[in-house]
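Peer 1: Here you go, one structure.
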Amino acid sequence: SSSLPIFSQEEVSRHRTLEDGIWVTYKGGVYDITEFVAIHPGGDKIMLAAGGSVEPFWALYAVHNQEHVLEMLSEYKATES
Ligand code: HEM
């Protein structure tokens, strides 16, 4: 079995630049998307969610409401700060 660390909202919010790393949350999970932002099909808009939840943005951009998007996100689960 594997275990994942628990991160505070405050720690997530400190990750909103390429230098510090870019983290987002989705349904209680924390994701380190630093390596993904440059290949995001929607470009720089992804930075609006940096350090916080992607959910309000994904509610507006329904293109994310697909299994393949969640599979992609799952590969970026944060494991350490
Ligand atoms: C498109 C992933 C965050 C705006 C996409 C697509 C993927 C993706 C895979 C292509 C979907 C498809 O065409 O099947 C992600 C992931 C995110 C994220 C993993 C967060 C970790 C955001 C945020 C915004 C955003 C926060 C807006 C504030 C868009 C837009 C498109 C898009 C506008 C459509 C681009 C186009 O087709 O012209 N995203 N996204 N994304 N994303 Fe994101």
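In the structure tokens, each chain is lettered A, B, ... as it comes, each chain's residues begin at 1, and ligands are numbered from 1 in order of appearance.
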Using only C-alpha atoms, which residues sit within 12 Å of Ser74 of chain A once same-chain residues fewer than 3 positions away are excluded, as JSON, numbers by chain?
Peer 2: {"A": [24, 25, 26, 27, 29, 30, 31, 32, 33, 36, 67, 68, 69, 70, 71, 77, 78, 79]}
Peer 1: Counting only C-alpha atoms and all ligand atoms, what are the residues of chain A within 9 Å of ligand 1, and for each of them which pair of atoms is the nearest and at what distance in Å, to one decimal? Sort the table by chain and rising number, as JSON lines.
Peer 2:
{"residue": "A:Trp23", "atom": "CA", "partner": "ligand 1", "partner_atom_place_in_ligand_line": "21 (C)", "distance": 8.1}
{"residue": "A:Val24", "atom": "CA", "partner": "ligand 1", "partner_atom_place_in_ligand_line": "21 (C)", "distance": 6.3}
{"residue": "A:Thr25", "atom": "CA", "partner": "ligand 1", "partner_atom_place_in_ligand_line": "21 (C)", "distance": 8.0}
{"residue": "A:Tyr26", "atom": "CA", "partner": "ligand 1", "partner_atom_place_in_ligand_line": "21 (C)", "distance": 8.2}
{"residue": "A:Tyr31", "atom": "CA", "partner": "ligand 1", "partner_atom_place_in_ligand_line": "21 (C)", "distance": 7.2}
{"residue": "A:Asp32", "atom": "CA", "partner": "ligand 1", "partner_atom_place_in_ligand_line": "21 (C)", "distance": 8.2}
{"residue": "A:Ile33", "atom": "CA", "partner": "ligand 1", "partner_atom_place_in_ligand_line": "21 (C)", "distance": 6.0}
{"residue": "A:Phe36", "atom": "CA", "partner": "ligand 1", "partner_atom_place_in_ligand_line": "19 (C)", "distance": 7.4}
{"residue": "A:Val37", "atom": "CA", "partner": "ligand 1", "partner_atom_place_in_ligand_line": "21 (C)", "distance": 7.8}
{"residue": "A:Ile39", "atom": "CA", "partner": "ligand 1", "partner_atom_place_in_ligand_line": "2 (C)", "distance": 9.0}
{"residue": "A:His40", "atom": "CA", "partner": "ligand 1", "partner_atom_place_in_ligand_line": "8 (C)", "distance": 5.7}
{"residue": "A:Pro41", "atom": "CA", "partner": "ligand 1", "partner_atom_place_in_ligand_line": "1 (C)", "distance": 4.8}
{"residue": "A:Gly42", "atom": "CA", "partner": "ligand 1", "partner_atom_place_in_ligand_line": "31 (C)", "distance": 3.7}
{"residue": "A:Gly43", "atom": "CA", "partner": "ligand 1", "partner_atom_place_in_ligand_line": "29 (C)", "distance": 7.0}
{"residue": "A:Asp44", "atom": "CA", "partner": "ligand 1", "partner_atom_place_in_ligand_line": "24 (C)", "distance": 8.0}
{"residue": "A:Lys45", "atom": "CA", "partner": "ligand 1", "partner_atom_place_in_ligand_line": "28 (C)", "distance": 4.4}
{"residue": "A:Ile46", "atom": "CA", "partner": "ligand 1", "partner_atom_place_in_ligand_line": "23 (C)", "distance": 3.8}
{"residue": "A:Met47", "atom": "CA", "partner": "ligand 1", "partner_atom_place_in_ligand_line": "26 (C)", "distance": 6.4}
{"residue": "A:Leu48", "atom": "CA", "partner": "ligand 1", "partner_atom_place_in_ligand_line": "28 (C)", "distance": 5.3}
{"residue": "A:Ala49", "atom": "CA", "partner": "ligand 1", "partner_atom_place_in_ligand_line": "26 (C)", "distance": 4.6}
{"residue": "A:Ala50", "atom": "CA", "partner": "ligand 1", "partner_atom_place_in_ligand_line": "26 (C)", "distance": 7.6}
{"residue": "A:Ser53", "atom": "CA", "partner": "ligand 1", "partner_atom_place_in_ligand_line": "26 (C)", "distance": 8.1}
{"residue": "A:Val54", "atom": "CA", "partner": "ligand 1", "partner_atom_place_in_ligand_line": "26 (C)", "distance": 5.1}
{"residue": "A:Glu55", "atom": "CA", "partner": "ligand 1", "partner_atom_place_in_ligand_line": "26 (C)", "distance": 7.8}
{"residue": "A:Pro56", "atom": "CA", "partner": "ligand 1", "partner_atom_place_in_ligand_line": "26 (C)", "distance": 8.1}
{"residue": "A:Phe57", "atom": "CA", "partner": "ligand 1", "partner_atom_place_in_ligand_line": "28 (C)", "distance": 4.9}
{"residue": "A:Trp58", "atom": "CA", "partner": "ligand 1", "partner_atom_place_in_ligand_line": "23 (C)", "distance": 6.3}
{"residue": "A:Leu60", "atom": "CA", "partner": "ligand 1", "partner_atom_place_in_ligand_line": "27 (C)", "distance": 7.7}
{"residue": "A:Tyr61", "atom": "CA", "partner": "ligand 1", "partner_atom_place_in_ligand_line": "4 (C)", "distance": 6.0}
{"residue": "A:Ala62", "atom": "CA", "partner": "ligand 1", "partner_atom_place_in_ligand_line": "31 (C)", "distance": 8.5}
{"residue": "A:Val63", "atom": "CA", "partner": "ligand 1", "partner_atom_place_in_ligand_line": "11 (C)", "distance": 5.4}
{"residue": "A:His64", "atom": "CA", "partner": "ligand 1", "partner_atom_place_in_ligand_line": "11 (C)", "distance": 5.8}
{"residue": "A:Asn65", "atom": "CA", "partner": "ligand 1", "partner_atom_place_in_ligand_line": "11 (C)", "distance": 8.5}
{"residue": "A:Gln66", "atom": "CA", "partner": "ligand 1", "partner_atom_place_in_ligand_line": "14 (O)", "distance": 7.1}
{"residue": "A:His68", "atom": "CA", "partner": "ligand 1", "partner_atom_place_in_ligand_line": "9 (C)", "distance": 7.0}
{"residue": "A:Val69", "atom": "CA", "partner": "ligand 1", "partner_atom_place_in_ligand_line": "9 (C)", "distance": 4.7}
{"residue": "A:Leu70", "atom": "CA", "partner": "ligand 1", "partner_atom_place_in_ligand_line": "19 (C)", "distance": 7.0}
{"residue": "A:Glu71", "atom": "CA", "partner": "ligand 1", "partner_atom_place_in_ligand_line": "19 (C)", "distance": 8.7}
{"residue": "A:Met72", "atom": "CA", "partner": "ligand 1", "partner_atom_place_in_ligand_line": "19 (C)", "distance": 6.1}
{"residue": "A:Leu73", "atom": "CA", "partner": "ligand 1", "partner_atom_place_in_ligand_line": "19 (C)", "distance": 4.8}
{"residue": "A:Ser74", "atom": "CA", "partner": "ligand 1", "partner_atom_place_in_ligand_line": "19 (C)", "distance": 8.6}
{"residue": "A:Tyr76", "atom": "CA", "partner": "ligand 1", "partner_atom_place_in_ligand_line": "21 (C)", "distance": 8.3}
Peer 1: Write out, as a compact mmCIF listing (two decimals), in the first residue's frame, the residues just selected, with N, CA and C atoms.
Peer 2:
# COMPACT_ATOMS: atom_id res chain seq x y z
N TRP A 23 0.93 24.49 -7.47
CA TRP A 23 0.04 23.46 -6.93
C TRP A 23 -1.41 23.91 -7.12
N VAL A 24 -2.27 22.94 -7.29
CA VAL A 24 -3.72 23.20 -7.29
C VAL A 24 -4.40 22.10 -6.48
N THR A 25 -5.64 22.36 -6.12
CA THR A 25 -6.44 21.33 -5.47
C THR A 25 -7.64 20.97 -6.34
N TYR A 26 -8.07 19.74 -6.18
CA TYR A 26 -9.29 19.26 -6.84
C TYR A 26 -9.92 18.21 -5.93
N TYR A 31 -2.27 18.69 -6.15
CA TYR A 31 -1.54 18.31 -7.35
C TYR A 31 -0.43 19.32 -7.65
N ASP A 32 0.75 18.81 -7.93
CA ASP A 32 1.89 19.65 -8.30
C ASP A 32 1.95 19.65 -9.83
N ILE A 33 1.44 20.73 -10.43
CA ILE A 33 1.31 20.80 -11.88
C ILE A 33 2.41 21.65 -12.52
N PHE A 36 3.32 20.64 -15.83
CA PHE A 36 2.21 20.56 -16.78
C PHE A 36 1.82 21.89 -17.40
N VAL A 37 2.06 22.99 -16.67
CA VAL A 37 1.52 24.28 -17.13
C VAL A 37 1.99 24.64 -18.55
N ILE A 39 2.48 22.70 -21.00
CA ILE A 39 1.85 21.88 -22.04
C ILE A 39 0.33 21.88 -21.95
N HIS A 40 -0.22 22.75 -21.08
CA HIS A 40 -1.68 22.84 -20.94
C HIS A 40 -2.31 23.29 -22.25
N PRO A 41 -3.29 22.54 -22.76
CA PRO A 41 -3.92 22.93 -24.02
C PRO A 41 -4.62 24.29 -23.96
N GLY A 42 -5.01 24.72 -22.76
CA GLY A 42 -5.68 26.01 -22.58
C GLY A 42 -4.73 27.14 -22.25
N GLY A 43 -3.43 26.89 -22.37
CA GLY A 43 -2.43 27.95 -22.20
C GLY A 43 -2.36 28.51 -20.79
N ASP A 44 -2.03 29.80 -20.71
CA ASP A 44 -1.76 30.47 -19.43
C ASP A 44 -2.96 30.60 -18.51
N LYS A 45 -4.14 30.37 -19.01
CA LYS A 45 -5.32 30.48 -18.14
C LYS A 45 -5.19 29.59 -16.91
N ILE A 46 -4.47 28.52 -17.04
CA ILE A 46 -4.30 27.58 -15.92
C ILE A 46 -3.71 28.28 -14.70
N MET A 47 -2.95 29.37 -14.93
CA MET A 47 -2.32 30.06 -13.81
C MET A 47 -3.33 30.77 -12.91
N LEU A 48 -4.54 30.97 -13.40
CA LEU A 48 -5.58 31.57 -12.55
C LEU A 48 -5.88 30.69 -11.34
N ALA A 49 -5.65 29.40 -11.48
CA ALA A 49 -5.95 28.46 -10.39
C ALA A 49 -4.74 28.17 -9.52
N ALA A 50 -3.57 28.73 -9.87
CA ALA A 50 -2.34 28.42 -9.14
C ALA A 50 -2.48 28.72 -7.65
N SER A 53 -7.98 26.12 -5.80
CA SER A 53 -8.81 25.07 -6.40
C SER A 53 -9.05 25.30 -7.89
N VAL A 54 -9.00 24.23 -8.67
CA VAL A 54 -9.35 24.34 -10.09
C VAL A 54 -10.87 24.29 -10.28
N GLU A 55 -11.60 23.91 -9.27
CA GLU A 55 -13.02 23.62 -9.45
C GLU A 55 -13.88 24.78 -9.98
N PRO A 56 -13.70 26.02 -9.46
CA PRO A 56 -14.52 27.11 -10.03
C PRO A 56 -14.23 27.35 -11.51
N PHE A 57 -12.99 27.11 -11.91
CA PHE A 57 -12.61 27.33 -13.32
C PHE A 57 -13.10 26.19 -14.19
N TRP A 58 -13.02 24.99 -13.68
CA TRP A 58 -13.51 23.84 -14.45
C TRP A 58 -15.02 23.87 -14.59
N LEU A 60 -16.55 26.55 -15.25
CA LEU A 60 -16.75 27.47 -16.37
C LEU A 60 -16.28 26.87 -17.70
N TYR A 61 -15.22 26.06 -17.64
CA TYR A 61 -14.65 25.47 -18.86
C TYR A 61 -14.91 23.96 -18.83
N ALA A 62 -16.09 23.59 -19.32
CA ALA A 62 -16.56 22.21 -19.21
C ALA A 62 -15.74 21.21 -20.00
N VAL A 63 -14.81 21.70 -20.81
CA VAL A 63 -13.91 20.82 -21.55
C VAL A 63 -13.15 19.88 -20.59
N HIS A 64 -13.04 20.29 -19.31
CA HIS A 64 -12.32 19.47 -18.34
C HIS A 64 -13.16 18.33 -17.78
N ASN A 65 -14.43 18.34 -18.08
CA ASN A 65 -15.34 17.34 -17.54
C ASN A 65 -15.29 16.05 -18.37
N GLN A 66 -14.09 15.48 -18.44
CA GLN A 66 -13.87 14.27 -19.22
C GLN A 66 -12.89 13.38 -18.46
N HIS A 68 -10.41 11.61 -19.45
CA HIS A 68 -8.98 11.71 -19.77
C HIS A 68 -8.31 12.89 -19.08
N VAL A 69 -9.09 13.92 -18.75
CA VAL A 69 -8.52 15.06 -18.03
C VAL A 69 -8.21 14.65 -16.58
N LEU A 70 -9.12 13.94 -15.95
CA LEU A 70 -8.89 13.48 -14.58
C LEU A 70 -7.73 12.48 -14.50
N GLU A 71 -7.61 11.65 -15.51
CA GLU A 71 -6.49 10.70 -15.54
C GLU A 71 -5.16 11.45 -15.61
N MET A 72 -5.16 12.50 -16.42
CA MET A 72 -3.96 13.33 -16.55
C MET A 72 -3.64 13.99 -15.21
N LEU A 73 -4.66 14.58 -14.60
CA LEU A 73 -4.45 15.25 -13.31
C LEU A 73 -3.89 14.28 -12.28
N SER A 74 -4.38 13.07 -12.26
CA SER A 74 -3.98 12.10 -11.22
C SER A 74 -2.49 11.81 -11.25
N TYR A 76 -0.21 13.91 -11.39
CA TYR A 76 0.52 15.01 -10.76
C TYR A 76 0.28 15.11 -9.26
Peer 1: Apply DSSP to the backbone of this structure and, from chain A, keep only the residues in alpha helix (DSSP H); write these as a ChimeraX atom specification.
Peer 2: /A:9-13,55-60,67-74
Peer 1: Need to verify the contact set: Ser81 of chain A, 10 Å, only C-alpha atoms, exclusion of same-chain residues closer than 5 positions in sequence. Can you return it as a list in words?
Peer 2: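 So, after excluding close chain neighbours, the residues are Pro5, Phe7, Glu11, Val12, His15, Asp20, Gly21, Trp23 and Asp32 of chain A.
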Peer 1: Just the selected residues (N, CA and C atoms), exported as a compact mmCIF listing (two decimals), in the first residue's frame, please.
Peer 2:
# COMPACT_ATOMS: atom_id res chain seq x y z
N PRO A 5 1.03 12.35 1.81
CA PRO A 5 1.02 13.36 2.88
C PRO A 5 -0.25 14.20 2.83
N PHE A 7 -1.59 18.06 3.09
CA PHE A 7 -1.10 19.43 2.96
C PHE A 7 -2.17 20.41 3.42
N GLU A 11 -0.24 25.89 2.82
CA GLU A 11 0.93 25.40 2.10
C GLU A 11 0.65 25.37 0.60
N VAL A 12 -0.54 24.97 0.22
CA VAL A 12 -0.91 24.97 -1.20
C VAL A 12 -0.80 26.39 -1.76
N HIS A 15 2.33 27.91 -3.27
CA HIS A 15 2.86 27.36 -4.52
C HIS A 15 2.09 27.89 -5.71
N ASP A 20 8.53 28.53 -7.08
CA ASP A 20 8.12 27.83 -5.85
C ASP A 20 7.40 26.52 -6.15
N GLY A 21 7.06 26.32 -7.43
CA GLY A 21 6.21 25.20 -7.81
C GLY A 21 4.77 25.67 -7.89
N TRP A 23 0.93 24.49 -7.47
CA TRP A 23 0.04 23.46 -6.93
C TRP A 23 -1.41 23.91 -7.12
N ASP A 32 0.75 18.81 -7.93
CA ASP A 32 1.89 19.65 -8.30
C ASP A 32 1.95 19.65 -9.83
Peer 1: Nearest to Thr34 of chain A: which of A:Ile22, A:Ser13, A:Glu75, A:Gly51 is it, counting only C-alpha atoms?
Peer 2: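 Looking only at the distances to Thr34 of chain A, the closest residue turns out to be A:Ile22.
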Peer 1: Could you please write out, as a ChimeraX atom specification, every residue of chain A that DSSP assigns to strand (DSSP E)?
Peer 2: /A:16-17,21-26,29-32
